[in-house]
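Shown below: query13.pdb, with PDB, C-alpha atoms and all ligand atoms.
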MODEL        1
ATOM      1  CA  MET Y   1     -30.655  81.043 -17.278
ATOM      2  CA  GLU Y   2     -33.985  82.518 -16.303
ATOM      3  CA  ASN Y   3     -35.606  79.747 -14.289
ATOM      4  CA  ILE Y   4     -32.817  77.433 -13.175
ATOM      5  CA  ILE Y   5     -30.091  78.126 -10.634
ATOM      6  CA  PHE Y   6     -27.109  75.812 -10.527
ATOM      7  CA  LYS Y   7     -24.022  75.791  -8.398
ATOM      8  CA  GLU Y   8     -21.357  73.208  -7.775
ATOM      9  CA  LYS Y   9     -19.538  72.298  -4.598
ATOM     10  CA  ASP Y  10     -16.786  69.675  -4.405
ATOM     11  CA  GLY Y  11     -18.229  67.282  -6.964
ATOM     12  CA  VAL Y  12     -21.920  67.896  -6.198
ATOM     13  CA  MET Y  13     -24.090  69.953  -8.589
ATOM     14  CA  PHE Y  14     -27.048  71.681  -6.926
ATOM     15  CA  ILE Y  15     -29.864  72.478  -9.363
ATOM     16  CA  THR Y  16     -32.796  74.626  -8.213
ATOM     17  CA  ILE Y  17     -36.000  75.099 -10.209
ATOM     18  CA  ASN Y  18     -36.582  78.780  -9.652
ATOM     19  CA  ARG Y  19     -40.084  80.085 -10.417
ATOM     20  CA  PRO Y  20     -41.344  80.406  -6.844
ATOM     21  CA  LYS Y  21     -44.229  82.741  -7.773
ATOM     22  CA  ALA Y  22     -45.705  79.942  -9.915
ATOM     23  CA  LEU Y  23     -44.685  77.283  -7.358
ATOM     24  CA  ASN Y  24     -41.855  76.308  -9.736
ATOM     25  CA  ALA Y  25     -44.326  75.078 -12.379
ATOM     26  CA  LEU Y  26     -42.510  73.726 -15.429
ATOM     27  CA  ASN Y  27     -43.186  75.921 -18.435
ATOM     28  CA  SER Y  28     -41.492  74.960 -21.691
ATOM     29  CA  SER Y  29     -38.540  77.313 -21.251
ATOM     30  CA  THR Y  30     -37.834  75.861 -17.785
ATOM     31  CA  ILE Y  31     -37.926  72.348 -19.257
ATOM     32  CA  GLU Y  32     -35.480  73.469 -21.973
ATOM     33  CA  GLU Y  33     -33.157  75.118 -19.462
ATOM     34  CA  LEU Y  34     -33.209  72.020 -17.269
ATOM     35  CA  GLY Y  35     -32.326  69.952 -20.339
ATOM     36  CA  GLN Y  36     -29.363  72.236 -21.096
ATOM     37  CA  VAL Y  37     -28.024  72.037 -17.544
ATOM     38  CA  ILE Y  38     -28.352  68.245 -17.492
ATOM     39  CA  SER Y  39     -26.587  67.952 -20.893
ATOM     40  CA  ASN Y  40     -23.674  69.974 -19.542
ATOM     41  CA  VAL Y  41     -23.472  68.125 -16.227
ATOM     42  CA  GLU Y  42     -23.628  64.632 -17.728
ATOM     43  CA  LYS Y  43     -20.350  65.290 -19.567
ATOM     44  CA  ARG Y  44     -18.554  66.434 -16.424
ATOM     45  CA  LYS Y  45     -16.326  63.709 -14.987
ATOM     46  CA  ASP Y  46     -15.656  65.820 -11.877
ATOM     47  CA  ILE Y  47     -19.362  66.009 -10.936
ATOM     48  CA  LYS Y  48     -20.372  62.776  -9.223
ATOM     49  CA  THR Y  49     -23.807  63.581  -7.841
ATOM     50  CA  VAL Y  50     -26.635  66.023  -8.504
ATOM     51  CA  ILE Y  51     -29.225  67.385  -6.086
ATOM     52  CA  ILE Y  52     -32.425  68.859  -7.571
ATOM     53  CA  THR Y  53     -34.741  71.005  -5.454
ATOM     54  CA  GLY Y  54     -37.312  73.789  -5.760
ATOM     55  CA  SER Y  55     -37.052  77.455  -4.854
ATOM     56  CA  GLY Y  56     -39.111  79.046  -2.083
ATOM     57  CA  GLU Y  57     -40.863  77.671   0.957
ATOM     58  CA  LYS Y  58     -43.836  75.942  -0.647
ATOM     59  CA  ALA Y  59     -43.004  73.823  -3.632
ATOM     60  CA  PHE Y  60     -40.554  71.435  -5.206
ATOM     61  CA  VAL Y  61     -42.470  71.692  -8.514
ATOM     62  CA  ALA Y  62     -46.286  72.066  -8.666
ATOM     63  CA  GLY Y  63     -46.504  70.451 -12.106
ATOM     64  CA  ALA Y  64     -46.455  71.484 -15.717
ATOM     65  CA  ASP Y  65     -47.441  75.129 -16.217
ATOM     66  CA  ILE Y  66     -51.223  75.067 -16.610
ATOM     67  CA  SER Y  67     -51.402  78.689 -17.771
ATOM     68  CA  GLU Y  68     -49.122  77.830 -20.689
ATOM     69  CA  MET Y  69     -50.721  74.436 -21.366
ATOM     70  CA  HIS Y  70     -54.425  75.263 -21.445
ATOM     71  CA  THR Y  71     -54.521  76.442 -25.082
ATOM     72  CA  LEU Y  72     -52.486  73.589 -26.594
ATOM     73  CA  ASN Y  73     -53.885  71.434 -29.375
ATOM     74  CA  ALA Y  74     -53.349  67.663 -29.530
ATOM     75  CA  ILE Y  75     -50.103  67.836 -31.503
ATOM     76  CA  GLU Y  76     -48.664  70.516 -29.220
ATOM     77  CA  GLY Y  77     -49.720  68.525 -26.148
ATOM     78  CA  ARG Y  78     -47.839  65.500 -27.433
ATOM     79  CA  GLU Y  79     -44.784  67.649 -28.232
ATOM     80  CA  LEU Y  80     -44.765  69.070 -24.690
ATOM     81  CA  ALA Y  81     -44.964  65.580 -23.178
ATOM     82  CA  ARG Y  82     -42.204  64.301 -25.472
ATOM     83  CA  LYS Y  83     -39.976  67.269 -24.667
ATOM     84  CA  ALA Y  84     -40.269  66.786 -20.896
ATOM     85  CA  GLN Y  85     -39.992  62.997 -21.185
ATOM     86  CA  LYS Y  86     -36.711  63.422 -23.086
ATOM     87  CA  VAL Y  87     -35.232  65.672 -20.381
ATOM     88  CA  PHE Y  88     -36.431  63.372 -17.579
ATOM     89  CA  SER Y  89     -34.966  60.317 -19.376
ATOM     90  CA  LYS Y  90     -31.668  62.167 -19.639
ATOM     91  CA  ILE Y  91     -31.751  62.586 -15.838
ATOM     92  CA  GLU Y  92     -32.623  58.914 -15.396
ATOM     93  CA  HIS Y  93     -29.732  57.790 -17.593
ATOM     94  CA  MET Y  94     -27.005  60.306 -16.703
ATOM     95  CA  PRO Y  95     -23.918  58.696 -15.143
ATOM     96  CA  GLN Y  96     -24.184  60.848 -12.013
ATOM     97  CA  ILE Y  97     -26.457  59.843  -9.134
ATOM     98  CA  VAL Y  98     -29.356  62.277  -8.872
ATOM     99  CA  ILE Y  99     -31.165  63.017  -5.609
ATOM    100  CA  ALA Y 100     -34.475  64.931  -5.549
ATOM    101  CA  ALA Y 101     -34.605  67.038  -2.382
ATOM    102  CA  VAL Y 102     -38.394  67.394  -2.219
ATOM    103  CA  ASN Y 103     -39.055  70.574  -0.244
ATOM    104  CA  GLY Y 104     -42.836  70.957  -0.712
ATOM    105  CA  TYR Y 105     -45.472  70.256  -3.359
ATOM    106  CA  ALA Y 106     -44.302  67.654  -5.896
ATOM    107  CA  LEU Y 107     -47.406  67.462  -8.048
ATOM    108  CA  GLY Y 108     -47.997  66.251 -11.592
ATOM    109  CA  GLY Y 109     -44.828  67.009 -13.548
ATOM    110  CA  GLY Y 110     -43.113  67.728 -10.195
ATOM    111  CA  CYS Y 111     -43.802  64.236  -8.883
ATOM    112  CA  GLU Y 112     -42.725  62.932 -12.295
ATOM    113  CA  LEU Y 113     -39.461  64.906 -12.129
ATOM    114  CA  SER Y 114     -38.734  63.513  -8.660
ATOM    115  CA  MET Y 115     -39.351  59.977  -9.969
ATOM    116  CA  ALA Y 116     -36.824  60.452 -12.786
ATOM    117  CA  CYS Y 117     -34.217  61.040 -10.061
ATOM    118  CA  ASP Y 118     -32.478  58.046  -8.495
ATOM    119  CA  ILE Y 119     -33.462  58.837  -4.906
ATOM    120  CA  ARG Y 120     -36.093  61.054  -3.267
ATOM    121  CA  VAL Y 121     -35.302  62.682   0.089
ATOM    122  CA  ALA Y 122     -38.500  64.330   1.341
ATOM    123  CA  SER Y 123     -38.866  67.168   3.798
ATOM    124  CA  GLU Y 124     -41.623  66.652   6.395
ATOM    125  CA  ARG Y 125     -43.494  69.320   4.408
ATOM    126  CA  ALA Y 126     -43.374  67.438   1.089
ATOM    127  CA  ILE Y 127     -46.679  66.632  -0.607
ATOM    128  CA  PHE Y 128     -46.762  64.240  -3.555
ATOM    129  CA  GLY Y 129     -49.577  63.742  -6.037
ATOM    130  CA  GLN Y 130     -50.639  63.223  -9.630
ATOM    131  CA  PRO Y 131     -53.616  65.593 -10.024
ATOM    132  CA  GLU Y 132     -53.779  65.544 -13.847
ATOM    133  CA  VAL Y 133     -57.206  63.919 -14.189
ATOM    134  CA  ASN Y 134     -58.641  66.918 -12.304
ATOM    135  CA  LEU Y 135     -57.621  68.889 -15.401
ATOM    136  CA  GLY Y 136     -59.016  66.456 -17.944
ATOM    137  CA  ILE Y 137     -55.592  65.070 -18.848
ATOM    138  CA  LEU Y 138     -53.362  62.251 -17.615
ATOM    139  CA  PRO Y 139     -49.808  62.257 -16.291
ATOM    140  CA  GLY Y 140     -47.773  62.905 -19.423
ATOM    141  CA  PHE Y 141     -44.213  63.336 -18.211
ATOM    142  CA  ALA Y 142     -43.891  59.531 -17.779
ATOM    143  CA  GLY Y 143     -45.848  59.333 -14.508
ATOM    144  CA  THR Y 144     -48.032  56.469 -15.739
ATOM    145  CA  GLN Y 145     -44.822  54.491 -16.274
ATOM    146  CA  ARG Y 146     -42.500  55.471 -13.428
ATOM    147  CA  LEU Y 147     -45.079  55.552 -10.603
ATOM    148  CA  PRO Y 148     -46.203  51.899 -10.986
ATOM    149  CA  ARG Y 149     -42.559  50.818 -11.291
ATOM    150  CA  LEU Y 150     -41.814  52.526  -7.968
ATOM    151  CA  VAL Y 151     -44.907  51.796  -5.871
ATOM    152  CA  GLY Y 152     -46.682  48.984  -7.754
ATOM    153  CA  LYS Y 153     -49.612  49.087 -10.151
ATOM    154  CA  GLY Y 154     -52.432  49.117  -7.587
ATOM    155  CA  VAL Y 155     -51.217  52.076  -5.514
ATOM    156  CA  ALA Y 156     -50.178  53.967  -8.669
ATOM    157  CA  LYS Y 157     -53.667  53.569 -10.113
ATOM    158  CA  GLU Y 158     -55.259  54.719  -6.857
ATOM    159  CA  LEU Y 159     -53.080  57.856  -6.716
ATOM    160  CA  ILE Y 160     -53.606  58.727 -10.395
ATOM    161  CA  PHE Y 161     -57.365  57.980 -10.505
ATOM    162  CA  THR Y 162     -58.293  59.648  -7.174
ATOM    163  CA  THR Y 163     -55.671  62.464  -7.397
ATOM    164  CA  ASP Y 164     -55.218  62.096  -3.624
ATOM    165  CA  MET Y 165     -52.263  64.114  -2.384
ATOM    166  CA  ILE Y 166     -50.069  62.237   0.075
ATOM    167  CA  ASP Y 167     -47.720  63.538   2.732
ATOM    168  CA  ALA Y 168     -44.066  62.595   3.151
ATOM    169  CA  LYS Y 169     -44.834  59.846   5.695
ATOM    170  CA  ARG Y 170     -47.257  58.082   3.336
ATOM    171  CA  ALA Y 171     -44.835  58.582   0.422
ATOM    172  CA  TYR Y 172     -42.187  56.833   2.519
ATOM    173  CA  GLU Y 173     -44.577  54.001   3.413
ATOM    174  CA  ILE Y 174     -45.317  53.250  -0.247
ATOM    175  CA  GLY Y 175     -41.676  53.542  -1.357
ATOM    176  CA  LEU Y 176     -42.033  56.816  -3.226
ATOM    177  CA  ALA Y 177     -39.807  58.710  -0.769
ATOM    178  CA  ASN Y 178     -36.564  57.021   0.293
ATOM    179  CA  LYS Y 179     -36.217  59.087   3.453
ATOM    180  CA  VAL Y 180     -38.121  61.780   5.383
ATOM    181  CA  VAL Y 181     -36.143  64.510   7.131
ATOM    182  CA  ALA Y 182     -36.819  67.742   9.035
ATOM    183  CA  HIS Y 183     -37.522  70.586   6.597
ATOM    184  CA  GLU Y 184     -34.547  72.687   7.762
ATOM    185  CA  LEU Y 185     -32.193  69.727   7.254
ATOM    186  CA  LEU Y 186     -33.370  68.754   3.766
ATOM    187  CA  ILE Y 187     -30.407  70.010   1.749
ATOM    188  CA  GLU Y 188     -27.898  69.019   4.429
ATOM    189  CA  GLU Y 189     -29.301  65.466   4.613
ATOM    190  CA  SER Y 190     -29.475  65.176   0.811
ATOM    191  CA  GLU Y 191     -25.875  66.316   0.527
ATOM    192  CA  LYS Y 192     -24.875  63.891   3.291
ATOM    193  CA  MET Y 193     -26.383  61.029   1.271
ATOM    194  CA  ALA Y 194     -24.685  62.286  -1.909
ATOM    195  CA  ARG Y 195     -21.301  62.463  -0.174
ATOM    196  CA  LYS Y 196     -21.732  59.000   1.330
ATOM    197  CA  ILE Y 197     -22.323  57.619  -2.194
ATOM    198  CA  MET Y 198     -19.263  59.565  -3.416
ATOM    199  CA  THR Y 199     -16.970  57.643  -1.038
ATOM    200  CA  LYS Y 200     -17.733  54.461  -3.019
ATOM    201  CA  GLY Y 201     -16.230  53.306  -6.292
ATOM    202  CA  MET Y 202     -18.245  55.623  -8.519
ATOM    203  CA  PHE Y 203     -17.611  53.571 -11.636
ATOM    204  CA  GLY Y 204     -19.427  50.655  -9.961
ATOM    205  CA  VAL Y 205     -22.175  52.955  -8.644
ATOM    206  CA  SER Y 206     -22.771  54.412 -12.078
ATOM    207  CA  LEU Y 207     -22.844  50.992 -13.762
ATOM    208  CA  ALA Y 208     -25.206  49.706 -11.053
ATOM    209  CA  LYS Y 209     -27.527  52.626 -11.903
ATOM    210  CA  ALA Y 210     -27.424  51.639 -15.578
ATOM    211  CA  ALA Y 211     -27.946  47.949 -14.749
ATOM    212  CA  ILE Y 212     -31.010  48.745 -12.612
ATOM    213  CA  ASN Y 213     -32.572  51.265 -15.005
ATOM    214  CA  ASP Y 214     -31.853  49.498 -18.281
ATOM    215  CA  GLY Y 215     -32.276  46.010 -16.832
ATOM    216  CA  MET Y 216     -35.820  46.797 -15.695
ATOM    217  CA  ASN Y 217     -36.762  47.457 -19.319
ATOM    218  CA  MET Y 218     -35.464  44.055 -20.481
ATOM    219  CA  ASP Y 219     -36.659  40.478 -20.105
ATOM    220  CA  THR Y 220     -34.971  38.918 -17.059
ATOM    221  CA  GLU Y 221     -32.500  36.656 -18.903
ATOM    222  CA  SER Y 222     -31.251  39.605 -21.019
ATOM    223  CA  ALA Y 223     -31.036  41.720 -17.862
ATOM    224  CA  TYR Y 224     -28.903  39.078 -16.114
ATOM    225  CA  LYS Y 225     -26.552  39.020 -19.122
ATOM    226  CA  TYR Y 226     -26.388  42.830 -19.108
ATOM    227  CA  GLU Y 227     -25.588  42.797 -15.389
ATOM    228  CA  ALA Y 228     -22.801  40.233 -15.975
ATOM    229  CA  ASP Y 229     -21.339  42.489 -18.699
ATOM    230  CA  MET Y 230     -21.405  45.493 -16.342
ATOM    231  CA  PHE Y 231     -19.857  43.359 -13.583
ATOM    232  CA  GLY Y 232     -17.096  42.236 -15.948
ATOM    233  CA  LEU Y 233     -16.420  45.813 -17.034
ATOM    234  CA  CYS Y 234     -15.624  46.773 -13.426
ATOM    235  CA  PHE Y 235     -12.597  44.475 -13.555
ATOM    236  CA  ALA Y 236     -11.069  46.804 -16.155
ATOM    237  CA  THR Y 237     -10.901  49.606 -13.558
ATOM    238  CA  GLU Y 238      -8.327  50.690 -11.000
ATOM    239  CA  ASP Y 239     -11.185  51.080  -8.527
ATOM    240  CA  GLN Y 240     -11.889  47.334  -8.539
ATOM    241  CA  LYS Y 241      -8.210  46.614  -7.810
ATOM    242  CA  GLU Y 242      -8.090  49.268  -5.093
ATOM    243  CA  GLY Y 243     -11.408  48.190  -3.511
ATOM    244  CA  MET Y 244     -10.433  44.541  -3.266
ATOM    245  CA  GLU Y 245      -6.821  45.159  -2.217
ATOM    246  CA  ALA Y 246      -8.040  47.530   0.497
ATOM    247  CA  PHE Y 247     -10.407  44.854   1.791
ATOM    248  CA  LEU Y 248      -7.714  42.182   1.811
ATOM    249  CA  ASN Y 249      -5.234  44.523   3.540
ATOM    250  CA  LYS Y 250      -7.875  45.606   6.073
ATOM    251  CA  ARG Y 251      -7.677  49.281   5.142
ATOM    252  CA  LYS Y 252     -10.108  51.856   3.758
ATOM    253  CA  ALA Y 253     -10.308  52.032  -0.037
ATOM    254  CA  ASN Y 254      -9.083  55.199  -1.697
ATOM    255  CA  PHE Y 255     -11.026  55.264  -4.946
ATOM    256  CA  LYS Y 256      -9.777  57.369  -7.846
ATOM    257  CA  ASN Y 257     -12.858  56.797  -9.977
ATOM    258  CA  PHE Y 258     -11.210  55.263 -12.987
TER
HETATM  259  N1  LIG K 301     -49.143  75.834 -13.332
HETATM  260  C1  LIG K 301     -49.188  77.168 -13.362
HETATM  261  N2  LIG K 301     -49.293  77.940 -12.260
HETATM  262  C2  LIG K 301     -49.343  77.321 -11.077
HETATM  263  C3  LIG K 301     -49.300  75.917 -10.965
HETATM  264  C4  LIG K 301     -49.178  75.170 -12.166
HETATM  265  N3  LIG K 301     -49.075  73.838 -12.159
HETATM  266  N4  LIG K 301     -49.394  75.589  -9.658
HETATM  267  C5  LIG K 301     -49.483  76.741  -8.982
HETATM  268  N5  LIG K 301     -49.451  77.795  -9.824
HETATM  269  C6  LIG K 301     -49.556  79.203  -9.518
HETATM  270  C7  LIG K 301     -50.956  79.604  -9.137
HETATM  271  O1  LIG K 301     -51.751  79.820 -10.282
HETATM  272  C8  LIG K 301     -50.716  80.857  -8.346
HETATM  273  O2  LIG K 301     -50.466  81.923  -9.225
HETATM  274  P1  LIG K 301     -51.082  83.397  -8.932
HETATM  275  O3  LIG K 301     -50.441  83.815  -7.642
HETATM  276  O4  LIG K 301     -50.635  84.187 -10.113
HETATM  277  O5  LIG K 301     -52.565  83.215  -8.820
HETATM  278  C9  LIG K 301     -49.396  80.551  -7.619
HETATM  279  O6  LIG K 301     -48.793  79.495  -8.340
HETATM  280  C10 LIG K 301     -49.598  80.088  -6.199
HETATM  281  O7  LIG K 301     -50.511  79.002  -6.208
HETATM  282  P2  LIG K 301     -51.840  78.928  -5.321
HETATM  283  O8  LIG K 301     -52.331  80.296  -5.008
HETATM  284  O9  LIG K 301     -52.787  77.989  -6.001
HETATM  285  O10 LIG K 301     -51.243  78.276  -3.981
HETATM  286  P3  LIG K 301     -52.026  77.400  -2.909
HETATM  287  O11 LIG K 301     -51.084  77.276  -1.768
HETATM  288  O12 LIG K 301     -53.371  77.931  -2.670
HETATM  289  O13 LIG K 301     -52.182  75.962  -3.609
HETATM  290  C11 LIG K 301     -51.468  74.046  -4.880
HETATM  291  C12 LIG K 301     -51.063  75.176  -3.910
HETATM  292  C13 LIG K 301     -52.366  73.037  -4.174
HETATM  293  C14 LIG K 301     -50.164  73.363  -5.286
HETATM  294  C15 LIG K 301     -52.190  74.638  -6.103
HETATM  295  O14 LIG K 301     -51.404  75.699  -6.625
HETATM  296  C16 LIG K 301     -52.408  73.650  -7.236
HETATM  297  O15 LIG K 301     -53.308  72.834  -7.145
HETATM  298  N6  LIG K 301     -51.600  73.772  -8.297
HETATM  299  C17 LIG K 301     -51.777  72.947  -9.500
HETATM  300  C18 LIG K 301     -51.288  71.541  -9.270
HETATM  301  C19 LIG K 301     -51.523  70.700 -10.491
HETATM  302  O16 LIG K 301     -52.630  70.472 -10.918
HETATM  303  N7  LIG K 301     -50.418  70.184 -11.061
HETATM  304  C20 LIG K 301     -50.479  69.340 -12.236
HETATM  305  C21 LIG K 301     -50.294  70.166 -13.468
HETATM  306  S1  LIG K 301     -50.583  69.241 -14.932
HETATM  307  C22 LIG K 301     -49.183  68.351 -15.160
HETATM  308  O17 LIG K 301     -48.232  68.433 -14.416
HETATM  309  C23 LIG K 301     -49.223  67.453 -16.364
HETATM  310  C24 LIG K 301     -48.159  66.500 -16.457
HETATM  311  O18 LIG K 301     -48.286  65.297 -16.413
HETATM  312  C25 LIG K 301     -46.826  66.952 -16.643
ENDMDL
END
Rewrite the coordinates I just gave you, this time as structure tokens.
Ligand code: CAA
Amino acid sequence: MENIIFKEKDGVMFITINRPKALNALNSSTIEELGQVISNVEKRKDIKTVIITGSGEKAFVAGADISEMHTLNAIEGRELARKAQKVFSKIEHMPQIVIAAVNGYALGGGCELSMACDIRVASERAIFGQPEVNLGILPGFAGTQRLPRLVGKGVAKELIFTTDMIDAKRAYEIGLANKVVAHELLIEESEKMARKIMTKGMFGVSLAKAAINDGMNMDTESAYKYEADMFGLCFATEDQKEGMEAFLNKRKANFKNF
């Protein structure tokens, strides 16, 4: 792959967007490559968590690639948005838990990519923003939908309409970043969180992810029913038996993830 680096370590897949000279801007081939990596990882039962970060010292991802985008016509613009939205939805719905390790600028499509992940760990140097209206466009990689769901409609509108860039501390205050850590510890802290999650019954974790993501797109009564179905499904697993037996026998659970 030209613009994506991936390596695995004991059940964690590290994915790095690697176009540092363009601040890791997402051109269409990078979006395609990311889609391919995600399609491969989502099938892997041995990979439990994914950490996505950006290459270089400055940026997570500074947005869609403006140099590639500026000549698009309306149909091509819609195709680009649909293509990225499809890849980001794949991330949102993959069974693995995905952590964005935000190491610098997360702007436009970069902020949108981080929001498709389950959790955002921000370095003290992270900067978030949706600057699209500066370019005469609007957030098109699902930012108008995911940002209000994460931070509420009012703050989302303020960020999108003013294009104000916010630092990691403010992102944490509004619920966009889950955690802020020292820059040098970003990957270590993200991996620590991933490994903590991996000590749990991953079947339950994965179904909880589905219940949260899918449930939020349903009316509440349907979402409650969906949650009950997911809850019931857990009782078909060895992990449920192990988790409850371990509790009752006052020992630590040894989950096998099936
Ligand atoms: N697309 C293409 N190239 C980009 C880019 C982008 N989104 N962001 C940065 N680059 C390139 C710059 O053009 C520059 O290239 P050259 O060295 O060849 O000139 C290189 O990366 C370094 O950038 P700067 O010199 O601008 O670095 P800086 O430190 O002075 O500024 C910055 C950093 C504030 C992030 C600035 O680069 C910037 O504003 N970038 C654009 C951010 C943006 O508008 N993102 C939204 C894109 S639209 C979008 O994402 C739509 C959507 O909804 C998906």
Give the centre and edge lengths of an axis-aligned box, in Å to one decimal, that holds all listed atoms of ligand LIG 301 (chain K) with 3 Å on each side, as AutoDock Vina command-line options.
--center_x -50.1 --center_y 74.7 --center_z -9.2 --size_x 12.5 --size_y 24.9 --size_z 20.9
**Request:** Collect all residues with atoms no farther than 8 Å from ligand LIG 301 (chain K), counting all atoms listed in the file, and output them as a ChimeraX atom specification.
**Result:** /Y:20-27,58-59,61-68,81,84,105,107-110,112,130-132,134-135,137-143
**Request:** Enumerate, as a ChimeraX atom specification, the residues matched when the PyMOL selection byres (((chain Y and resi 160) around 8) and not hetatm) is run on the file above.
**Result:** /Y:129-133,139,156-159,161-164
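The residues caught by the PyMOL selection byres (((chain Y and resi 258) around 8) and not hetatm) in this file are Phe203, Thr237, Glu238, Asp239, Lys256 and Asn257 of chain Y.
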**Request:** Might you spell out which residues the PyMOL selection byres (((chain Y and resi 86) around 12) and not hetatm) would select in the displayed file, as a PyMOL selection string?
**Result:** chain Y and resi 31-32+34-36+38-39+79-85+87-93+113+116+140-142
